[in-house]
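In what follows, a structure is listed as structure tokens, so that the remarks can point back to it.
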Amino acid sequence: MRLMYRLNAKGLVSAKAGKHQDGGGLQLVKREDGGAQWVLRVTVHGRRREMGLGRYPDVGLAEARRLAEGARAIVRDGADPIRHREKMKREAVRNLHLLKDVASDCFEARKASLKGDGVNGRWFSPLEIHVLPKLGNTPVAEIDQAAIRDVMKPIWHAKAKTAEKALQRLAIVMTHAAALGLDVDLQACVKAKALLGAQNHTVEHIDAIAWANVPAFYKSLGNTTGELALKLLILTGVRSAPLRFMHESHIDGDIWTIPAALMKGGRNKTDDFRVPLTPEALAVIGEARTASRDGLLFVGHKGKQISDMAMSMVMRRRKFDARPHGFRSSLRDWLAEATDAPHEVAEAVLAHVTDGKVVRSYRRTDFLDQRRALLERWAVHVTGKPAKPAEEQEVAAETRSLVERRQEAA
């Protein structure tokens with residue numbers, strides 16, 4: 001039997017450079033410069049291995065013996081103690097991954113698919129405001145449905161929509177954690193939602209100005225950047241994001257082509273959207289050009305596109321509860337109540353998707369001419385300016401054509 005425990009703690013202090021055997025493969029290797037390292041020699045599957053156990057004197061004799069015995073036990077079980085230690089280190093690192101770190105990594109990975117690369121923070125803010133302050137420093141592997149429920153409970157009913165977004169974002173982060181190889185419960189958010197129960201809230205629609213009152217509001221607008229942007233939004237029925245990022249390169253004559261990336265759905269969109277520009281819309285764009293910069297039509301104070309609040313503030317200053325997005329509702333109500341536009345054409349005016357992928361793959365038209373006729377009529381209503389006789393005849397003819405086609409289809 002090999003001799004064990006040959007070394008003693010006092011003798012190690014004055015030991016000379018070289019290898020000092022303690023027995024059972026454990027040795028202290030001292031260097032000429034005074035540094036020293038514990039090394040354990042073991043044989044695994046017929047292969048000789050040397051395993052470092054730490055630096056002396058950071059690791060004392062007693063601890064080195066304890067570590068050596070643990071490694072020998074692993075060898076007796078037929079495993080490699082070096083690989084076992086590496087595996088344990090990887091698991092320890094995974095367990096130390098905090099939610100805030102995983103969430104940040106997840107956001108960085110998703111930026112390319114978010115509108116404007118997520119610079120406005122709308123994707124991340126529900127997590128940043130409502131989840132990370134309480135769970136951010138928690139290892140993601142320790143987050144369960146009870147912890148999530150406790151975080152969501154204060155806002156589950158009071159801020160129902162925000163809570164839903166926060167929970168959905170957290171579920172995406174948990175999936176990202178699993179993809180990183182972390183041990184997480186992918187059903188934690190689903191189970192937390194079951195614990196929270198149904199939300200007691202009523203869906204609140206965005207306030208909108210009645211279409212009959214839009215002309216009076218439009219007439220009150222001046223020629224500041226925010227007011228001009230709001231005018232064009234009213235005339236075209238587009239969402240605020242495409243308008244805020246409107247560039248000269250997007251305009252060709254009386255057609256404004258919105259890049260797919262700026263449409264709702266962002267990078268997941270594949271088709272650009274064409275917007276017919278009426279004479280009134282072109283006049284507004286002409287005014288905006290006087291203050292444009294580097295081709296950007298609606299420029300804010302910092303030389304970049306106007307903020308999302310620029311148009312909202314125009315309405316607030318006029319004491320309106322309605323929001324800019326509400327003008328899309330005003331336009332849609334007008335289309336339904338004051339025109340005979342077919343449903344699919346009226347929806348196309350607002351860039352709404354009404355059919356499935358298969359139908360859309362066969363239908364190649366975007367109803368551009370029909371939408372132009374309708375927006376011409378909308379501009380007449382909004383501005384109170386009568387169309388020129390030729391324009392009136394053209395609009396009337398197009399409207400009759402729309403009605404006839406609709407009747408034939410029925």
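Letters A, B, ... mark the chains of the structure tokens in the order given; residue numbers begin at 1 per chain; ligand numbers begin at 1, in order shown.
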Which of stretch 132-355 of chain A counts as strand (DSSP E or B) under DSSP, as a PyMOL selection string please? chain A and resi 139+247+251-252+255-258+273-276+293+296+299+305
Using only C-alpha atoms, determine which residues lie at most 12 Å from stretch 62-64 of chain A, disregarding the query and same-chain residues fewer than 2 positions distant; provide the list as a ChimeraX atom specification. /A:5,7-9,22-28,37-40,51-60,66-71
Mind dumping the selected residues with C-alpha atoms as a PDB file, in the first residue's frame?
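Contents of selection.pdb, freshly written:
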```pdb
ATOM      1  CA  TYR A   5      -0.064  11.927   4.129  1.00  0.00           C
ATOM      2  CA  LEU A   7       3.750  16.007   4.134  1.00  0.00           C
ATOM      3  CA  ASN A   8       3.089  18.309   7.068  1.00  0.00           C
ATOM      4  CA  ALA A   9       1.944  21.923   7.080  1.00  0.00           C
ATOM      5  CA  ASP A  22       2.013  13.501  -0.171  1.00  0.00           C
ATOM      6  CA  GLY A  23       0.906  10.068  -1.427  1.00  0.00           C
ATOM      7  CA  GLY A  24      -1.924   8.748  -3.521  1.00  0.00           C
ATOM      8  CA  GLY A  25      -0.807  10.883  -6.475  1.00  0.00           C
ATOM      9  CA  LEU A  26      -1.008  14.216  -4.616  1.00  0.00           C
ATOM     10  CA  GLN A  27       2.066  16.392  -4.813  1.00  0.00           C
ATOM     11  CA  LEU A  28       3.114  19.968  -4.221  1.00  0.00           C
ATOM     12  CA  GLN A  37       0.907  24.432  -7.095  1.00  0.00           C
ATOM     13  CA  TRP A  38      -0.967  21.358  -5.920  1.00  0.00           C
ATOM     14  CA  VAL A  39      -1.150  18.638  -8.571  1.00  0.00           C
ATOM     15  CA  LEU A  40      -2.975  15.306  -8.447  1.00  0.00           C
ATOM     16  CA  MET A  51      -5.171  17.706 -12.335  1.00  0.00           C
ATOM     17  CA  GLY A  52      -4.382  21.069 -10.759  1.00  0.00           C
ATOM     18  CA  LEU A  53      -5.957  21.555  -7.333  1.00  0.00           C
ATOM     19  CA  GLY A  54      -5.019  25.165  -6.694  1.00  0.00           C
ATOM     20  CA  ARG A  55      -2.164  27.398  -5.707  1.00  0.00           C
ATOM     21  CA  TYR A  56      -0.319  27.044  -2.423  1.00  0.00           C
ATOM     22  CA  PRO A  57      -0.726  28.619   0.125  1.00  0.00           C
ATOM     23  CA  ASP A  58      -4.191  29.751  -1.057  1.00  0.00           C
ATOM     24  CA  VAL A  59      -5.084  26.071  -0.871  1.00  0.00           C
ATOM     25  CA  GLY A  60      -3.670  24.545   2.296  1.00  0.00           C
ATOM     26  CA  ARG A  66      -9.890  16.841   0.645  1.00  0.00           C
ATOM     27  CA  LEU A  67      -9.977  17.875  -3.029  1.00  0.00           C
ATOM     28  CA  ALA A  68      -7.723  14.975  -3.954  1.00  0.00           C
ATOM     29  CA  GLU A  69      -9.958  12.465  -2.214  1.00  0.00           C
ATOM     30  CA  GLY A  70     -13.005  13.861  -4.025  1.00  0.00           C
ATOM     31  CA  ALA A  71     -11.250  13.456  -7.373  1.00  0.00           C
TER      32      ALA A  71
END
```
Excluding A:Phe245 and its own-chain neighbours fewer than 2 positions away, which residues fall within 12 Å of it when counting only C-alpha atoms? Please give them as a PyMOL selection string. chain A and resi 115-116+229+238-243+247-250+257-259+261-263+292-300+304-308
List the spatial neighbours of A:Leu132 as JSON, numbers by chain - criterion: any atom at most 8 Å away, only C-alpha atoms, same-chain residues fewer than 5 positions off excluded. {"A": [99, 100, 127, 137]}
Export of the given selection (N, CA and C atoms) as a tab-separated table (two decimals), in the first residue's frame:
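Contents of the output file result.tsv:
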```tsv
chain	number	residue	atom	x	y	z
A	99	LEU	N	-31.39	37.34	-14.50
A	99	LEU	CA	-32.44	37.67	-15.46
A	99	LEU	C	-32.12	38.94	-16.22
A	100	LYS	N	-31.57	39.94	-15.55
A	100	LYS	CA	-31.30	41.21	-16.22
A	100	LYS	C	-30.28	41.03	-17.35
A	127	LEU	N	-40.41	45.19	-19.53
A	127	LEU	CA	-39.51	44.42	-18.67
A	127	LEU	C	-38.73	45.34	-17.75
A	137	ASN	N	-32.04	40.72	-10.51
A	137	ASN	CA	-30.85	40.13	-9.90
A	137	ASN	C	-31.05	38.68	-9.48
```
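Between atom CA of A:Pro276 and atom CA of A:Leu235 there is a distance of 10.3 Å.
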Work out how far apart atom CA of A:Cys106 and atom CA of A:Gly181 are and give it in Å to one decimal.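 So the answer is 13.4 Å.
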Counting only C-alpha atoms, which of A:Val380, A:Met4, A:Ala188, A:Ile148 gets nearest to A:Glu280? A:Val380
Residue nearest A:Ala379 among A:Ala336, A:Arg289, A:Thr175, A:Val284 (counting only C-alpha atoms):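 Under the stated criterion, the closest residue is A:Val284.
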Shortest contact to A:Leu374, candidates A:Pro342, A:Gly326, A:Gly35, A:Gly78, atoms counted only C-alpha atoms, goes to A:Pro342
Could you pull out the alpha helix (DSSP H) residues of stretch 256-387 of chain A from DSSP and send them as a PyMOL selection string? chain A and resi 279-289+310-317+326-338+343-349+357-362+368-383
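From atom CA of A:Pro154 back to atom CA of A:Ser125, the distance works out to 16.9 Å.
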From A:Thr290, A:Thr162, A:Ser104, A:Thr224, residue lying nearest A:Ala177 [only C-alpha atoms]: A:Ser104
